[in-house]
Amino acid sequence: MYDNFGQFINGRWRAGTGSESLTVVDPGNGRALGHLQASSREDTLEALNSADRAFAGWKNTPAWQRADLLQAVARAMTAAAPAAAVTISKESGKPLAQAKREWELAVDQFIWHAEEARRIYGRIIESRVPGGRCEVLHEPVGVVAAFTAWNFPVVLVARKLAPALAAGCTVVLRPSSEVPGSAMLIFECLRQAGLPAGVANLVVGPTATTYDPLMASPRVKKVSLTGSTQIGQRMIRDAAATVKRLSMELGGNAPVVVFGDADLEKALDLSVATKFANCGQVCVTGDRFYVHQSLYPAFVDGFARRASQLKVGYGLDDDTGMGPLINPKRLQAIENIVEDARSRGGKIVTGGHRLDVNGGYFYAPTVIADLPDDALAMAEENFGPIAAITAFSDTESLWQRVNNSSFALSAYAFTRDPALIRESVSRLESGMVGINSYALAAAEAPFGGIKASGMGREGGSEGIHDYMNIKLAQIVV
């Protein structure tokens, strides 16, 4: 498929002209899925020129027409769903059922933002000037550069493309080079839907030939990133020279608080399913579990028992419950975190070792108990199949422990007490909070974090406004 697609510039597919050949690897078996020629700097600048030329026409396209085109994209994506799920599973390693669900969530983004395109409302303010009227207007910011990560290779793309296009912006998007085919499938749906040439462009390649030219150009007015906090910090510095608007979803290290009155079985069932989805490579997944001492032994035992029963295997196998890590680097990182836990007296209740499966990058679902708060598994985003569990007894000291992190993307609590529910929502320092639920990611809801976990929101009625400028007009007649 990589030979058929490649780079999408000015409405057509073409091969990259960069010097680097990229190999896309199936993490489930370590074998090459295919190869493609990377974008050159000139390719990226051509994509930028294309987006810049197309902006005026797309900005002035009526919102209802933009909405119709996004609905057409959603229909094309729905028709492509079966084949797309297979590509997602092969590139990312996630089980096929999870890949299907991700494609559905990506479709939702286009449907939702198609409707939002029709709801870009301004407002009228009474003027102090006789005969005057103040109008507050929203206009598209301009050309957008978007950068996405590998762990959700289509929904992250859709979260950036759909609101930007709905707002009237044009886009140059660079996906992760580890999962480029999944993004290509969305761009093929854009092409089939009849999106005007140049409105959305795709380049695939290394930082020097893709990121650098886009960040340096004053014609790029806004940048959207899903990636690590370290990359986000660099992007903030790089954006300063041309004062680009930024929105970014960065790292997470989500706490999960299980109070003594929680429904234990529900908390366990939801927590295990969420923790090991996509092999734990999810920014909003629970990383560190704080369990009331009255439930602690039963919670640890139940978590370990469920984790050990998960079928780990190739994503396309029907009975696979958890797939591989994305690459050997992540595999080594998980080993380092587990070794740190051992050195700090953590109890490896289950897992804690690599798995020899098909030559892929597999690690056993791992549960670690009795960890100190400064262990790597507690203090940093592990981005893998590790559940770190500790006990608490005093609620006031609990909040200090839970909030003692620079990451604040998502946080969760399980309780049936209405007072504790309200206290948890208030006291958890996070961009998103789930109570008795992990279901935070939906097209209709704003998604994003605070502190070192990012800025801006994707989704909901708030998401489209990250791609718009506010203009005030004082009109006197």
# chains A, B, ... in the order shown; residues from 1 in each chain; ligands from 1

call {"tool": "residues_around", "arguments": {"residues": "Glu20 of chain A", "least_positions_apart": "2", "cutoff": "8 Å", "atoms": "only C-alpha atoms", "output": "list of chain:residue names"}}
result
A:Gly18, A:Leu22, A:Gln37, A:Ala38, A:Gly205

call {"tool": "closest_atom_pairs", "arguments": {"of": "segment 37-129 of chain A", "to": "segment 3-17 of chain A", "cutoff": "9 Å", "atoms": "only C-alpha atoms", "output": "JSON lines"}}
result
{"residue": "A:Gln37", "atom": "CA", "partner": "A:Gly16", "partner_atom": "CA", "distance": 5.0}
{"residue": "A:Ala38", "atom": "CA", "partner": "A:Gly16", "partner_atom": "CA", "distance": 5.1}
{"residue": "A:Ser39", "atom": "CA", "partner": "A:Gly16", "partner_atom": "CA", "distance": 4.5}
{"residue": "A:Ser40", "atom": "CA", "partner": "A:Thr17", "partner_atom": "CA", "distance": 5.4}
{"residue": "A:Arg41", "atom": "CA", "partner": "A:Thr17", "partner_atom": "CA", "distance": 8.7}
{"residue": "A:Glu42", "atom": "CA", "partner": "A:Thr17", "partner_atom": "CA", "distance": 8.1}
{"residue": "A:Asp43", "atom": "CA", "partner": "A:Gly16", "partner_atom": "CA", "distance": 6.9}
{"residue": "A:Thr44", "atom": "CA", "partner": "A:Ile9", "partner_atom": "CA", "distance": 8.7}
{"residue": "A:Glu46", "atom": "CA", "partner": "A:Ile9", "partner_atom": "CA", "distance": 7.4}
{"residue": "A:Ala47", "atom": "CA", "partner": "A:Ile9", "partner_atom": "CA", "distance": 5.3}
{"residue": "A:Leu48", "atom": "CA", "partner": "A:Ile9", "partner_atom": "CA", "distance": 8.8}
{"residue": "A:Asn49", "atom": "CA", "partner": "A:Asn10", "partner_atom": "CA", "distance": 8.9}
{"residue": "A:Ser50", "atom": "CA", "partner": "A:Asn10", "partner_atom": "CA", "distance": 5.5}
{"residue": "A:Ala51", "atom": "CA", "partner": "A:Asn10", "partner_atom": "CA", "distance": 7.6}
{"residue": "A:Ala54", "atom": "CA", "partner": "A:Asn10", "partner_atom": "CA", "distance": 8.8}

call {"tool": "select_by_dssp", "arguments": {"residues": "segment 103-311 of chain A", "states": "strand (DSSP E)", "output": "VMD selection string"}}
result
chain A and resid 123 to 126 132 to 140 143 to 147 170 to 174 200 to 202 220 to 226 245 to 249 254 to 258 286 to 292

call {"tool": "write_last_selection", "arguments": {"atoms": "N, CA and C atoms", "output": "compact mmCIF listing (two decimals), in the first residue's frame"}}
result
# COMPACT_ATOMS: atom_id res chain seq x y z
N ARG A 123 -21.28 36.78 18.41
CA ARG A 123 -22.24 37.41 19.31
C ARG A 123 -22.24 38.92 19.11
N ILE A 124 -23.28 39.54 19.59
CA ILE A 124 -23.44 40.98 19.49
C ILE A 124 -23.31 41.58 20.89
N ILE A 125 -22.53 42.67 21.00
CA ILE A 125 -22.36 43.38 22.27
C ILE A 125 -22.89 44.80 22.09
N GLU A 126 -23.67 45.25 23.04
CA GLU A 126 -24.17 46.62 22.98
C GLU A 126 -22.99 47.60 23.06
N GLY A 132 -23.75 52.65 17.41
CA GLY A 132 -22.75 51.60 17.20
C GLY A 132 -23.22 50.21 17.60
N ARG A 133 -22.48 49.23 17.14
CA ARG A 133 -22.73 47.84 17.48
C ARG A 133 -21.41 47.09 17.45
N CYS A 134 -21.17 46.28 18.46
CA CYS A 134 -19.96 45.46 18.50
C CYS A 134 -20.29 44.04 18.07
N GLU A 135 -19.55 43.53 17.12
CA GLU A 135 -19.72 42.15 16.67
C GLU A 135 -18.46 41.35 17.02
N VAL A 136 -18.66 40.18 17.57
CA VAL A 136 -17.57 39.25 17.85
C VAL A 136 -17.64 38.14 16.82
N LEU A 137 -16.62 38.02 16.01
CA LEU A 137 -16.60 37.07 14.90
C LEU A 137 -15.51 36.03 15.11
N HIS A 138 -15.67 34.87 14.48
CA HIS A 138 -14.66 33.81 14.52
C HIS A 138 -14.23 33.50 13.09
N GLU A 139 -12.92 33.57 12.86
CA GLU A 139 -12.37 33.32 11.53
C GLU A 139 -11.27 32.26 11.61
N PRO A 140 -11.13 31.45 10.55
CA PRO A 140 -10.08 30.42 10.56
C PRO A 140 -8.70 31.03 10.70
N VAL A 143 -3.11 28.40 7.82
CA VAL A 143 -2.51 27.08 7.57
C VAL A 143 -2.11 26.45 8.90
N VAL A 144 -2.47 25.19 9.05
CA VAL A 144 -2.19 24.43 10.27
C VAL A 144 -1.17 23.34 9.97
N ALA A 145 -0.17 23.20 10.82
CA ALA A 145 0.74 22.06 10.78
C ALA A 145 0.35 21.12 11.92
N ALA A 146 0.15 19.85 11.61
CA ALA A 146 -0.30 18.88 12.61
C ALA A 146 0.66 17.70 12.66
N PHE A 147 0.95 17.27 13.88
CA PHE A 147 1.89 16.16 14.10
C PHE A 147 1.24 15.15 15.04
N THR A 170 -6.60 25.20 6.28
CA THR A 170 -5.95 24.17 5.47
C THR A 170 -4.83 23.54 6.31
N VAL A 171 -4.39 22.35 5.91
CA VAL A 171 -3.56 21.54 6.80
C VAL A 171 -2.41 20.88 6.06
N VAL A 172 -1.25 20.84 6.73
CA VAL A 172 -0.17 19.92 6.38
C VAL A 172 0.03 19.02 7.58
N LEU A 173 -0.17 17.73 7.41
CA LEU A 173 -0.09 16.78 8.52
C LEU A 173 1.07 15.83 8.33
N ARG A 174 1.82 15.63 9.42
CA ARG A 174 2.87 14.61 9.42
C ARG A 174 2.55 13.58 10.48
N ALA A 200 -5.87 19.70 2.29
CA ALA A 200 -5.22 18.80 3.26
C ALA A 200 -4.08 18.09 2.57
N ASN A 201 -2.91 18.12 3.20
CA ASN A 201 -1.70 17.53 2.63
C ASN A 201 -1.03 16.64 3.65
N LEU A 202 -0.37 15.59 3.18
CA LEU A 202 0.29 14.62 4.04
C LEU A 202 1.74 14.47 3.63
N VAL A 220 2.79 29.17 8.43
CA VAL A 220 2.08 28.25 9.34
C VAL A 220 1.64 29.06 10.55
N LYS A 221 0.35 29.19 10.74
CA LYS A 221 -0.18 30.05 11.80
C LYS A 221 -0.49 29.29 13.08
N LYS A 222 -0.70 28.00 12.96
CA LYS A 222 -1.04 27.20 14.14
C LYS A 222 -0.42 25.83 14.01
N VAL A 223 -0.04 25.25 15.16
CA VAL A 223 0.52 23.91 15.20
C VAL A 223 -0.25 23.09 16.23
N SER A 224 -0.58 21.85 15.87
CA SER A 224 -1.24 20.93 16.78
C SER A 224 -0.39 19.67 16.89
N LEU A 225 -0.15 19.25 18.12
CA LEU A 225 0.73 18.11 18.38
C LEU A 225 0.06 17.11 19.32
N THR A 226 0.23 15.84 19.03
CA THR A 226 0.06 14.79 20.02
C THR A 226 1.39 14.07 20.11
N ARG A 245 0.32 29.85 17.10
CA ARG A 245 -0.60 29.31 18.09
C ARG A 245 -0.35 27.83 18.25
N LEU A 246 -0.47 27.34 19.48
CA LEU A 246 -0.17 25.94 19.76
C LEU A 246 -1.33 25.29 20.50
N SER A 247 -1.59 24.05 20.15
CA SER A 247 -2.40 23.17 21.01
C SER A 247 -1.68 21.83 21.02
N MET A 248 -1.62 21.21 22.19
CA MET A 248 -0.85 19.98 22.28
C MET A 248 -1.37 19.08 23.39
N GLU A 249 -1.47 17.81 23.05
CA GLU A 249 -1.79 16.78 24.04
C GLU A 249 -0.51 15.99 24.25
N ALA A 254 -1.74 8.96 34.72
CA ALA A 254 -3.05 9.07 35.36
C ALA A 254 -3.15 8.31 36.67
N PRO A 255 -3.58 9.00 37.74
CA PRO A 255 -3.88 8.32 39.00
C PRO A 255 -5.29 7.74 38.98
N VAL A 256 -5.46 6.63 39.66
CA VAL A 256 -6.77 6.02 39.85
C VAL A 256 -6.96 5.81 41.35
N VAL A 257 -7.96 6.45 41.93
CA VAL A 257 -8.24 6.32 43.36
C VAL A 257 -9.43 5.39 43.55
N VAL A 258 -9.24 4.35 44.34
CA VAL A 258 -10.31 3.41 44.64
C VAL A 258 -10.63 3.54 46.13
N GLY A 286 -4.97 4.42 33.18
CA GLY A 286 -4.53 4.46 34.56
C GLY A 286 -3.13 3.89 34.70
N ASP A 287 -2.23 4.63 35.32
CA ASP A 287 -0.86 4.17 35.54
C ASP A 287 -0.63 3.78 36.99
N ARG A 288 -1.11 4.62 37.90
CA ARG A 288 -0.83 4.43 39.32
C ARG A 288 -2.15 4.35 40.09
N PHE A 289 -2.31 3.28 40.81
CA PHE A 289 -3.57 2.99 41.49
C PHE A 289 -3.40 3.17 43.00
N TYR A 290 -4.22 4.05 43.59
CA TYR A 290 -4.22 4.30 45.02
C TYR A 290 -5.50 3.66 45.58
N VAL A 291 -5.33 2.60 46.35
CA VAL A 291 -6.47 1.81 46.79
C VAL A 291 -6.59 1.88 48.31
N HIS A 292 -7.80 2.15 48.79
CA HIS A 292 -8.01 2.20 50.24
C HIS A 292 -7.58 0.88 50.86

call {"tool": "atom_distance", "arguments": {"atom1": "atom CA of Phe414 of chain A", "atom2": "atom CA of Ser430 of chain A"}}
result
15.8 Å

call {"tool": "closest_residue", "arguments": {"among": "A:Pro365, A:Gly431, A:Gly315, A:Gly384", "to": "Ile337 of chain A", "atoms": "only C-alpha atoms"}}
result
A:Gly384

call {"tool": "atom_distance", "arguments": {"atom1": "atom CA of Asp261 of chain A", "atom2": "atom CA of Leu420 of chain A"}}
result
9.9 Å

call {"tool": "residues_around", "arguments": {"residues": "segment 180-183 of chain A", "least_positions_apart": "3", "cutoff": "9 Å", "atoms": "only C-alpha atoms", "output": "compact mmCIF listing (two decimals) with all heavy atoms, in the first residue's frame"}}
result
# COMPACT_ATOMS: atom_id res chain seq x y z
N MET A 1 0.81 -1.21 0.00
CA MET A 1 0.00 0.00 0.00
C MET A 1 0.85 1.27 0.00
O MET A 1 0.45 2.30 -0.50
CB MET A 1 -0.93 0.02 1.21
CG MET A 1 -0.23 0.15 2.55
SD MET A 1 -1.39 0.39 3.92
CE MET A 1 -2.01 2.01 3.53
N TYR A 2 2.07 1.19 0.59
CA TYR A 2 2.91 2.37 0.70
C TYR A 2 3.37 2.86 -0.67
O TYR A 2 3.54 4.06 -0.88
CB TYR A 2 4.10 2.08 1.61
CG TYR A 2 3.66 1.51 2.94
CD1 TYR A 2 3.81 0.16 3.23
CD2 TYR A 2 3.05 2.31 3.91
CE1 TYR A 2 3.39 -0.38 4.43
CE2 TYR A 2 2.63 1.78 5.11
CZ TYR A 2 2.79 0.43 5.37
OH TYR A 2 2.36 -0.09 6.56
N PHE A 5 0.41 4.89 -2.21
CA PHE A 5 0.09 6.17 -1.59
C PHE A 5 1.35 7.02 -1.45
O PHE A 5 1.77 7.66 -2.39
CB PHE A 5 -0.60 5.95 -0.24
CG PHE A 5 -1.95 5.30 -0.36
CD1 PHE A 5 -2.39 4.39 0.58
CD2 PHE A 5 -2.79 5.61 -1.42
CE1 PHE A 5 -3.64 3.81 0.47
CE2 PHE A 5 -4.04 5.04 -1.54
CZ PHE A 5 -4.47 4.14 -0.59
N GLY A 6 1.97 7.05 -0.29
CA GLY A 6 3.19 7.86 -0.09
C GLY A 6 2.85 9.22 0.48
O GLY A 6 2.26 9.33 1.54
N VAL A 24 8.38 0.25 7.40
CA VAL A 24 7.29 0.11 8.36
C VAL A 24 7.28 -1.34 8.84
O VAL A 24 7.22 -2.27 8.04
CB VAL A 24 5.94 0.48 7.74
CG1 VAL A 24 4.83 0.43 8.79
CG2 VAL A 24 6.00 1.88 7.12
N ALA A 84 -9.38 -1.00 6.70
CA ALA A 84 -8.63 -0.06 7.52
C ALA A 84 -8.27 -0.67 8.86
O ALA A 84 -7.15 -0.48 9.37
CB ALA A 84 -9.44 1.22 7.73
N ALA A 85 -9.19 -1.41 9.46
CA ALA A 85 -8.92 -2.02 10.77
C ALA A 85 -7.74 -2.98 10.69
O ALA A 85 -6.93 -3.06 11.62
CB ALA A 85 -10.17 -2.73 11.27
N THR A 87 -5.16 -2.79 8.61
CA THR A 87 -3.94 -1.97 8.51
C THR A 87 -3.55 -1.41 9.86
O THR A 87 -2.38 -1.44 10.25
CB THR A 87 -4.15 -0.83 7.50
OG1 THR A 87 -4.37 -1.39 6.20
CG2 THR A 87 -2.93 0.08 7.45
N ILE A 88 -4.53 -0.87 10.60
CA ILE A 88 -4.24 -0.32 11.92
C ILE A 88 -3.65 -1.38 12.83
O ILE A 88 -2.66 -1.15 13.55
CB ILE A 88 -5.52 0.27 12.55
CG1 ILE A 88 -6.04 1.44 11.73
CG2 ILE A 88 -5.27 0.70 14.00
CD1 ILE A 88 -7.46 1.86 12.09
N GLU A 91 0.00 -2.27 11.74
CA GLU A 91 0.99 -1.23 11.98
C GLU A 91 1.23 -0.96 13.46
O GLU A 91 2.35 -0.72 13.88
CB GLU A 91 0.55 0.08 11.31
CG GLU A 91 0.74 0.10 9.81
CD GLU A 91 0.66 1.50 9.23
OE1 GLU A 91 -0.05 2.35 9.81
OE2 GLU A 91 1.32 1.75 8.19
N TRP A 150 2.08 7.54 17.28
CA TRP A 150 1.84 6.22 16.70
C TRP A 150 0.80 5.40 17.44
O TRP A 150 0.30 4.42 16.92
CB TRP A 150 3.15 5.43 16.65
CG TRP A 150 3.94 5.46 17.92
CD1 TRP A 150 5.01 6.26 18.19
CD2 TRP A 150 3.72 4.70 19.12
NE1 TRP A 150 5.47 6.05 19.47
CE2 TRP A 150 4.69 5.08 20.06
CE3 TRP A 150 2.79 3.71 19.47
CZ2 TRP A 150 4.77 4.53 21.34
CZ3 TRP A 150 2.85 3.16 20.75
CH2 TRP A 150 3.83 3.57 21.67
N PRO A 153 -3.16 5.67 15.53
CA PRO A 153 -2.71 6.19 14.23
C PRO A 153 -3.79 6.81 13.37
O PRO A 153 -3.47 7.49 12.40
CB PRO A 153 -2.11 4.97 13.54
CG PRO A 153 -2.75 3.79 14.20
CD PRO A 153 -3.00 4.20 15.61
N VAL A 154 -5.09 6.60 13.69
CA VAL A 154 -6.12 7.26 12.90
C VAL A 154 -6.94 8.25 13.71
O VAL A 154 -7.27 9.33 13.23
CB VAL A 154 -7.07 6.25 12.20
CG1 VAL A 154 -6.32 5.46 11.15
CG2 VAL A 154 -7.75 5.33 13.19
N VAL A 157 -5.16 11.55 14.04
CA VAL A 157 -5.20 12.28 12.77
C VAL A 157 -6.56 12.96 12.60
O VAL A 157 -6.66 14.14 12.26
CB VAL A 157 -4.91 11.34 11.59
CG1 VAL A 157 -5.19 12.02 10.26
CG2 VAL A 157 -3.46 10.86 11.65
N ALA A 158 -7.63 12.21 12.87
CA ALA A 158 -8.97 12.75 12.70
C ALA A 158 -9.25 13.89 13.67
O ALA A 158 -9.94 14.86 13.32
CB ALA A 158 -10.00 11.63 12.90
N ARG A 174 1.82 15.63 9.42
CA ARG A 174 2.87 14.61 9.42
C ARG A 174 2.55 13.58 10.48
O ARG A 174 2.61 13.85 11.68
CB ARG A 174 4.24 15.22 9.71
CG ARG A 174 5.38 14.21 9.48
CD ARG A 174 6.62 14.53 10.26
NE ARG A 174 6.47 14.17 11.67
CZ ARG A 174 7.44 14.30 12.58
NH1 ARG A 174 8.60 14.81 12.23
NH2 ARG A 174 7.24 13.95 13.83
N PRO A 175 2.23 12.34 10.07
CA PRO A 175 2.00 11.27 11.03
C PRO A 175 3.32 10.65 11.48
O PRO A 175 4.37 10.92 10.91
CB PRO A 175 1.17 10.27 10.22
CG PRO A 175 1.73 10.40 8.83
CD PRO A 175 2.10 11.86 8.69
N SER A 176 3.24 9.79 12.48
CA SER A 176 4.42 9.03 12.88
C SER A 176 4.87 8.13 11.73
O SER A 176 4.05 7.49 11.06
CB SER A 176 4.09 8.18 14.11
OG SER A 176 5.08 7.20 14.32
N SER A 177 6.17 8.07 11.53
CA SER A 177 6.71 7.22 10.46
C SER A 177 6.54 5.73 10.76
O SER A 177 6.75 4.90 9.88
CB SER A 177 8.20 7.53 10.25
OG SER A 177 8.38 8.85 9.78
N ILE A 186 -6.94 7.59 5.69
CA ILE A 186 -7.84 8.72 5.90
C ILE A 186 -7.71 9.72 4.75
O ILE A 186 -8.71 10.24 4.24
CB ILE A 186 -7.55 9.41 7.25
CG1 ILE A 186 -7.94 8.48 8.41
CG2 ILE A 186 -8.30 10.73 7.35
CD1 ILE A 186 -7.79 9.10 9.77
N PHE A 187 -6.49 9.99 4.32
CA PHE A 187 -6.30 10.95 3.22
C PHE A 187 -6.88 10.43 1.92
O PHE A 187 -7.38 11.21 1.09
CB PHE A 187 -4.82 11.29 3.08
CG PHE A 187 -4.40 12.42 3.98
CD1 PHE A 187 -4.16 12.20 5.33
CD2 PHE A 187 -4.28 13.71 3.50
CE1 PHE A 187 -3.79 13.23 6.18
CE2 PHE A 187 -3.92 14.76 4.33
CZ PHE A 187 -3.67 14.52 5.68
N GLU A 188 -6.86 9.13 1.72
CA GLU A 188 -7.50 8.57 0.54
C GLU A 188 -9.01 8.80 0.60
O GLU A 188 -9.66 9.08 -0.42
CB GLU A 188 -7.18 7.08 0.40
CG GLU A 188 -7.90 6.37 -0.74
CD GLU A 188 -7.58 6.93 -2.13
OE1 GLU A 188 -6.63 7.73 -2.28
OE2 GLU A 188 -8.31 6.55 -3.08
N LEU A 202 -0.37 15.59 3.18
CA LEU A 202 0.29 14.62 4.04
C LEU A 202 1.74 14.47 3.63
O LEU A 202 2.04 14.25 2.45
CB LEU A 202 -0.41 13.26 3.93
CG LEU A 202 0.21 12.08 4.69
CD1 LEU A 202 -0.09 12.19 6.18
CD2 LEU A 202 -0.30 10.75 4.14
N VAL A 204 5.42 12.47 5.02
CA VAL A 204 5.95 11.45 5.92
C VAL A 204 7.46 11.48 5.83
O VAL A 204 8.02 11.34 4.73
CB VAL A 204 5.44 10.04 5.54
CG1 VAL A 204 5.96 9.02 6.55
CG2 VAL A 204 3.93 10.01 5.47

call {"tool": "closest_residue", "arguments": {"among": "A:Ala63, A:Val425, A:Ile231, A:Ala193", "to": "Ala166 of chain A", "atoms": "only C-alpha atoms"}}
result
A:Ala63

call {"tool": "closest_residue", "arguments": {"among": "A:Leu472, A:Gly251, A:Glu104, A:Asp466", "to": "Gln230 of chain A", "atoms": "only C-alpha atoms"}}
result
A:Gly251

call {"tool": "closest_atom_pairs", "arguments": {"of": "segment 228-290 of chain A", "to": "segment 98-101 of chain A", "cutoff": "12 Å", "atoms": "only C-alpha atoms", "output": "tab-separated table"}}
result
residue	atom	partner	partner_atom	distance
A:Ala273	CA	A:Gln98	CA	11.3
A:Thr274	CA	A:Gln98	CA	11.2
A:Phe276	CA	A:Gln98	CA	11.4
A:Ala277	CA	A:Gln98	CA	7.8
A:Asn278	CA	A:Gln98	CA	7.6
A:Cys279	CA	A:Gln98	CA	11.0

call {"tool": "select_by_dssp", "arguments": {"residues": "segment 60-298 of chain A", "states": "alpha helix (DSSP H)", "output": "count of residues only"}}
result
111

call {"tool": "closest_residue", "arguments": {"among": "A:Leu195, A:Leu36, A:Ala441, A:Ala164", "to": "Ala106 of chain A", "atoms": "only C-alpha atoms"}}
result
A:Ala441

call {"tool": "atom_distance", "arguments": {"atom1": "atom CA of Asp212 of chain A", "atom2": "atom CA of Thr229 of chain A"}}
result
17.9 Å

call {"tool": "closest_residue", "arguments": {"among": "A:Asp417, A:Asp301, A:Asp394, A:Glu444", "to": "Ala262 of chain A", "atoms": "only C-alpha atoms"}}
result
A:Asp417

call {"tool": "closest_residue", "arguments": {"among": "A:Ala388, A:Ala239, A:Val357, A:Leu295", "to": "Val338 of chain A", "atoms": "only C-alpha atoms"}}
result
A:Ala388
